[in-house]
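Structure file entry.json; described as JSON, C-alpha atoms.
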```json
[["chain", "number", "residue", "atom", "x", "y", "z"],
["T", 1, "MET", "CA", 0.00, 0.00, 0.00],
["T", 2, "THR", "CA", 1.14, 3.50, -0.75],
["T", 3, "LEU", "CA", 0.86, 6.46, 1.59],
["T", 4, "LEU", "CA", 1.36, 9.98, 0.24],
["T", 5, "VAL", "CA", 1.73, 13.11, 2.35],
["T", 6, "VAL", "CA", 1.30, 16.37, 0.44],
["T", 7, "MET", "CA", 3.33, 18.82, 2.51],
["T", 8, "GLY", "CA", 4.34, 22.47, 2.58],
["T", 9, "VAL", "CA", 3.67, 25.75, 4.32],
["T", 10, "SER", "CA", 0.19, 27.13, 4.82],
["T", 11, "GLY", "CA", -1.24, 28.32, 1.52],
["T", 12, "SER", "CA", 0.94, 26.07, -0.65],
["T", 13, "GLY", "CA", -2.09, 24.15, -1.91],
["T", 14, "LYS", "CA", -1.78, 20.94, 0.10],
["T", 15, "SER", "CA", -5.50, 20.35, 0.53],
["T", 16, "THR", "CA", -6.37, 21.25, -3.05],
["T", 17, "VAL", "CA", -3.57, 19.18, -4.59],
["T", 18, "GLY", "CA", -4.08, 16.31, -2.16],
["T", 19, "SER", "CA", -7.82, 16.04, -2.76],
["T", 20, "HIS", "CA", -7.44, 16.28, -6.55],
["T", 21, "LEU", "CA", -4.61, 13.72, -6.53],
["T", 22, "ALA", "CA", -6.59, 11.28, -4.36],
["T", 23, "LYS", "CA", -9.61, 11.62, -6.65],
["T", 24, "LYS", "CA", -7.51, 11.04, -9.77],
["T", 25, "LEU", "CA", -5.81, 7.98, -8.23],
["T", 26, "GLY", "CA", -9.03, 6.66, -6.68],
["T", 27, "TRP", "CA", -7.47, 6.77, -3.19],
["T", 28, "LYS", "CA", -8.71, 7.91, 0.19],
["T", 29, "PHE", "CA", -7.98, 11.52, 1.20],
["T", 30, "TYR", "CA", -7.50, 13.08, 4.61],
["T", 31, "ASP", "CA", -6.91, 16.76, 5.32],
["T", 32, "GLY", "CA", -4.68, 17.03, 8.38],
["T", 33, "ASP", "CA", -6.23, 20.40, 9.25],
["T", 34, "ASP", "CA", -9.49, 18.60, 10.02],
["T", 35, "TYR", "CA", -7.75, 16.80, 12.90],
["T", 36, "HIS", "CA", -6.22, 19.77, 14.72],
["T", 37, "PRO", "CA", -7.56, 19.95, 18.27],
["T", 38, "GLU", "CA", -9.60, 23.04, 19.10],
["T", 39, "GLU", "CA", -6.74, 24.47, 21.20],
["T", 40, "ASN", "CA", -4.44, 24.44, 18.14],
["T", 41, "ARG", "CA", -7.06, 26.10, 15.94],
["T", 42, "LYS", "CA", -7.63, 28.75, 18.57],
["T", 43, "LYS", "CA", -3.90, 29.52, 18.89],
["T", 44, "MET", "CA", -3.47, 29.85, 15.15],
["T", 45, "ALA", "CA", -6.61, 32.00, 14.81],
["T", 46, "GLU", "CA", -5.10, 34.31, 17.45],
["T", 47, "GLY", "CA", -1.90, 34.57, 15.39],
["T", 48, "ILE", "CA", 0.17, 32.36, 17.71],
["T", 49, "PRO", "CA", 2.41, 29.86, 15.88],
["T", 50, "LEU", "CA", 2.16, 26.25, 17.03],
["T", 51, "ASN", "CA", 5.19, 24.73, 18.75],
["T", 52, "ASP", "CA", 6.37, 21.13, 18.85],
["T", 53, "GLN", "CA", 4.31, 20.40, 21.96],
["T", 54, "ASP", "CA", 1.19, 21.55, 20.11],
["T", 55, "ARG", "CA", 1.95, 19.56, 17.00],
["T", 56, "ILE", "CA", 3.24, 16.20, 18.31],
["T", 57, "PRO", "CA", -0.12, 14.81, 19.57],
["T", 58, "TRP", "CA", -1.79, 15.94, 16.33],
["T", 59, "LEU", "CA", 0.94, 14.29, 14.23],
["T", 60, "CYS", "CA", 0.70, 11.09, 16.29],
["T", 61, "HIS", "CA", -3.03, 11.01, 15.57],
["T", 62, "LEU", "CA", -2.34, 11.45, 11.84],
["T", 63, "HIS", "CA", 0.26, 8.65, 12.06],
["T", 64, "ASP", "CA", -2.39, 6.39, 13.59],
["T", 65, "ILE", "CA", -4.77, 7.20, 10.73],
["T", 66, "LEU", "CA", -2.09, 6.42, 8.14],
["T", 67, "MET", "CA", -1.17, 3.13, 9.87],
["T", 68, "ARG", "CA", -4.83, 2.10, 10.08],
["T", 69, "GLU", "CA", -5.28, 2.73, 6.36],
["T", 70, "HIS", "CA", -2.01, 0.95, 5.56],
["T", 71, "ALA", "CA", -3.04, -2.08, 7.65],
["T", 72, "SER", "CA", -6.40, -2.22, 5.89],
["T", 73, "GLY", "CA", -4.75, -2.13, 2.46],
["T", 74, "GLN", "CA", -5.99, 1.35, 1.58],
["T", 75, "ASN", "CA", -3.80, 3.65, -0.53],
["T", 76, "THR", "CA", -4.06, 7.08, 1.08],
["T", 77, "VAL", "CA", -3.23, 10.75, 0.50],
["T", 78, "LEU", "CA", -2.84, 13.05, 3.51],
["T", 79, "ALA", "CA", -2.48, 16.83, 3.34],
["T", 80, "CYS", "CA", -0.26, 17.91, 6.23],
["T", 81, "SER", "CA", 2.28, 20.70, 6.64],
["T", 82, "ALA", "CA", 4.98, 18.28, 7.92],
["T", 83, "LEU", "CA", 7.31, 21.28, 8.13],
["T", 84, "LYS", "CA", 10.16, 19.70, 10.11],
["T", 85, "LYS", "CA", 12.14, 16.50, 9.67],
["T", 86, "MET", "CA", 10.96, 15.39, 13.12],
["T", 87, "TYR", "CA", 7.32, 15.91, 12.12],
["T", 88, "ARG", "CA", 7.82, 13.67, 9.09],
["T", 89, "CYS", "CA", 9.50, 11.09, 11.34],
["T", 90, "VAL", "CA", 6.46, 11.17, 13.65],
["T", 91, "LEU", "CA", 4.13, 10.67, 10.69],
["T", 92, "GLU", "CA", 6.20, 7.63, 9.70],
["T", 93, "ASN", "CA", 6.94, 6.18, 13.14],
["T", 94, "GLY", "CA", 4.52, 7.64, 15.66],
["T", 95, "GLU", "CA", 5.91, 8.77, 19.00],
["T", 96, "ALA", "CA", 9.20, 6.96, 18.28],
["T", 97, "GLY", "CA", 9.80, 9.53, 15.53],
["T", 98, "ILE", "CA", 10.25, 12.29, 18.09],
["T", 99, "ASN", "CA", 13.84, 11.09, 18.56],
["T", 100, "CYS", "CA", 14.72, 10.88, 14.88],
["T", 101, "GLN", "CA", 17.87, 12.98, 15.21],
["T", 102, "ASN", "CA", 21.11, 11.73, 16.66],
["T", 103, "SER", "CA", 23.41, 13.65, 19.03],
["T", 104, "SER", "CA", 25.00, 15.58, 16.16],
["T", 105, "GLY", "CA", 21.54, 16.78, 15.06],
["T", 106, "GLN", "CA", 21.58, 14.60, 11.95],
["T", 107, "PRO", "CA", 18.54, 12.53, 11.02],
["T", 108, "GLU", "CA", 18.68, 8.92, 12.11],
["T", 109, "GLU", "CA", 17.10, 6.20, 10.05],
["T", 110, "GLN", "CA", 13.88, 4.99, 11.61],
["T", 111, "GLU", "CA", 12.61, 1.55, 10.74],
["T", 112, "GLY", "CA", 9.01, 1.66, 11.85],
["T", 113, "PRO", "CA", 6.19, -0.09, 10.03],
["T", 114, "ALA", "CA", 5.74, 2.79, 7.58],
["T", 115, "SER", "CA", 9.42, 3.58, 6.98],
["T", 116, "ARG", "CA", 9.93, 4.34, 3.31],
["T", 117, "LYS", "CA", 6.28, 3.59, 2.64],
["T", 118, "ILE", "CA", 5.33, 7.25, 2.92],
["T", 119, "LEU", "CA", 6.20, 9.45, -0.03],
["T", 120, "PHE", "CA", 6.31, 13.13, 0.91],
["T", 121, "ILE", "CA", 5.28, 15.49, -1.89],
["T", 122, "HIS", "CA", 6.78, 18.86, -1.01],
["T", 123, "LEU", "CA", 4.92, 21.77, -2.62],
["T", 124, "ASP", "CA", 7.60, 24.42, -2.84],
["T", 125, "GLY", "CA", 7.40, 28.02, -3.94],
["T", 126, "PRO", "CA", 8.26, 31.63, -3.14],
["T", 127, "MET", "CA", 6.84, 33.33, -0.07],
["T", 128, "ASP", "CA", 5.38, 36.24, -2.06],
["T", 129, "LEU", "CA", 3.25, 33.91, -4.22],
["T", 130, "ILE", "CA", 1.98, 32.02, -1.18],
["T", 131, "ALA", "CA", 1.27, 35.31, 0.64],
["T", 132, "GLN", "CA", -0.89, 36.38, -2.33],
["T", 133, "ARG", "CA", -2.82, 33.10, -2.10],
["T", 134, "LEU", "CA", -3.31, 33.46, 1.64],
["T", 135, "ALA", "CA", -4.59, 37.03, 1.23],
["T", 136, "LYS", "CA", -7.40, 35.66, -0.99],
["T", 137, "ARG", "CA", -8.30, 32.75, 1.29],
["T", 138, "ARG", "CA", -11.38, 33.19, 3.46],
["T", 139, "GLY", "CA", -12.69, 31.21, 6.41],
["T", 140, "HIS", "CA", -9.50, 29.36, 7.31],
["T", 141, "PHE", "CA", -8.20, 29.36, 10.88],
["T", 142, "MET", "CA", -4.59, 29.97, 9.77],
["T", 143, "PRO", "CA", -4.04, 33.72, 9.34],
["T", 144, "PRO", "CA", -1.65, 35.05, 6.65],
["T", 145, "GLU", "CA", 0.43, 36.70, 9.40],
["T", 146, "LEU", "CA", 1.78, 33.27, 10.40],
["T", 147, "LEU", "CA", 3.31, 32.56, 6.98],
["T", 148, "VAL", "CA", 6.76, 33.85, 8.01],
["T", 149, "SER", "CA", 6.75, 31.50, 11.02],
["T", 150, "GLN", "CA", 5.91, 28.62, 8.66],
["T", 151, "PHE", "CA", 8.89, 29.41, 6.43],
["T", 152, "ASP", "CA", 11.08, 29.83, 9.52],
["T", 153, "ALA", "CA", 10.08, 26.36, 10.74],
["T", 154, "LEU", "CA", 10.34, 24.66, 7.33],
["T", 155, "GLU", "CA", 13.07, 22.03, 7.00],
["T", 156, "ALA", "CA", 12.76, 21.02, 3.37],
["T", 157, "PRO", "CA", 13.02, 17.27, 2.86],
["T", 158, "SER", "CA", 16.41, 15.93, 1.84],
["T", 159, "ALA", "CA", 18.09, 12.57, 1.29],
["T", 160, "PRO", "CA", 17.64, 9.96, 2.65],
["T", 161, "GLU", "CA", 13.99, 10.98, 3.07],
["T", 162, "ASN", "CA", 11.50, 9.56, 0.58],
["T", 163, "PHE", "CA", 10.21, 12.68, -1.22],
["T", 164, "ILE", "CA", 9.71, 14.65, -4.38],
["T", 165, "THR", "CA", 9.57, 18.42, -4.64],
["T", 166, "VAL", "CA", 7.08, 20.02, -7.01],
["T", 167, "SER", "CA", 6.93, 23.72, -7.78],
["T", 168, "LEU", "CA", 3.64, 25.25, -6.71],
["T", 169, "GLU", "CA", 4.15, 27.83, -9.44],
["T", 170, "LYS", "CA", 2.63, 25.21, -11.76],
["T", 171, "SER", "CA", -1.13, 24.81, -12.11],
["T", 172, "VAL", "CA", -2.94, 22.39, -9.81],
["T", 173, "SER", "CA", -3.63, 20.07, -12.75],
["T", 174, "ASP", "CA", 0.07, 20.08, -13.70],
["T", 175, "ILE", "CA", 1.14, 19.37, -10.11],
["T", 176, "VAL", "CA", -1.37, 16.52, -9.88],
["T", 177, "SER", "CA", -0.26, 15.09, -13.25],
["T", 178, "ILE", "CA", 3.45, 15.28, -12.35],
["T", 179, "THR", "CA", 2.81, 13.61, -9.01],
["T", 180, "GLU", "CA", 0.49, 10.97, -10.43],
["T", 181, "GLU", "CA", 3.05, 10.03, -13.08],
["T", 182, "TYR", "CA", 5.80, 9.77, -10.45],
["T", 183, "VAL", "CA", 3.61, 7.61, -8.17],
["T", 184, "ARG", "CA", 2.47, 5.30, -10.97],
["T", 185, "ASN", "CA", 6.05, 4.86, -12.24],
["T", 186, "ARG", "CA", 7.43, 4.20, -8.78],
["T", 187, "TYR", "CA", 4.66, 2.21, -7.12],
["T", 188, "GLY", "CA", 2.84, 0.72, -10.09]]
```

Kindly return the structure encoded in the file as structure tokens.
Amino acid sequence: MTLLVVMGVSGSGKSTVGSHLAKKLGWKFYDGDDYHPEENRKKMAEGIPLNDQDRIPWLCHLHDILMREHASGQNTVLACSALKKMYRCVLENGEAGINCQNSSGQPEEQEGPASRKILFIHLDGPMDLIAQRLAKRRGHFMPPELLVSQFDALEAPSAPENFITVSLEKSVSDIVSITEEYVRNRYG
């Protein structure tokens, strides 16, 4: 079974790309934002960036969802910011992922049940373009003022992580097509 996490800063198009990709592939879709506890939503709505302590329980819950779908044989797409290496480790390994860096601060290989089964699709683009998108977005609990904190927290995926980076300067249909082709070529 294949698990995809569409990741990036707020306003990068994770939910839109993830839902379109899941529909095109015929897979199940989850939007990580739907699983934020009320306290997290309230903090963000007040313009307070979330810290690791806010995010870890939420990420562990998303890990549990991914593992449940994996165990049931369901290919799944999750939209989730997954801004830091540790957050991606938690998505792959649950609470054990919290310690995914060794004493020198370098990522350690984790060999949990989902290791290397999750493909992270990093939607990457310039802050000014994302800021323009956020300015147009209505009714979301994440205010545009927190975009800088998102970029400050972002640790772009790098080897040996299992990821692809796609420019969000492309259209949604192009991003979905590029990602779909990559997934079909790699996972069949």

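Atom CA of T:Phe163 lies 13.5 Å from atom CA of T:Glu180.
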
Each stretch 143-183 of chain T residue no farther than 7 Å from stretch 6-17 of chain T, nearest pair in Å, all atoms listed in the file, as a tab-separated table:
```
residue	atom	partner	partner_atom	distance
T:Leu147	CA	T:Ser10	CA	6.6
T:Gln150	CA	T:Val9	CA	5.7
T:Phe151	CA	T:Val9	CA	6.7
T:Leu168	CA	T:Ser12	CA	6.7
T:Val172	CA	T:Val17	CA	6.2
T:Val176	CA	T:Val17	CA	6.3
```

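Ranking T:Arg184, T:Arg133, T:Lys43, T:His20 by their shortest atom-to-atom distance to T:Arg55, with all atoms listed in the file included, puts T:Lys43 first.
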
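Each of T:Glu161, T:Glu92, T:Leu129, T:Lys28 was compared to T:Ser72 using all atoms listed in the file, and T:Lys28 turns out to be the nearest.
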
_Residues within 12 Å of (6.4, 26.7, -9.6), file coords, all atoms listed in the file, listed as a PyMOL selection string_ = chain T and resi 12-13+122-127+129-130+165-172+174-175

*Enter the distance from atom CA of T:Glu155 to atom CA of T:Lys84, in Å, rounded to one decimal.*
4.9 Å

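Of the listed residues (T:Leu91, T:Ala79, T:Ile65, T:Leu59), T:Leu91 comes nearest to T:Ile118; the distances count only C-alpha atoms.
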
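Taking atom CA of T:Leu154 and atom CA of T:Tyr187 as the two end points, the separation is 27.3 Å.
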
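The residue set within 9 Å of T:Lys85, counting only C-alpha atoms and dropping same-chain residues fewer than 4 places from it, reads Cys89, Val90, Cys100, Gln101, Pro107, Leu154, Glu155, Ala156, Pro157, Ser158 and Glu161 of chain T.
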
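Nearest to T:Val148 of all the residues T:Asn75, T:Pro49, T:Gly188, T:Glu95 is T:Pro49, based on only C-alpha atoms.
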
*Nearest to T:Tyr30: which of T:Met86, T:Leu134, T:Ile164, T:Leu4 is it, counting only C-alpha atoms?*
T:Leu4
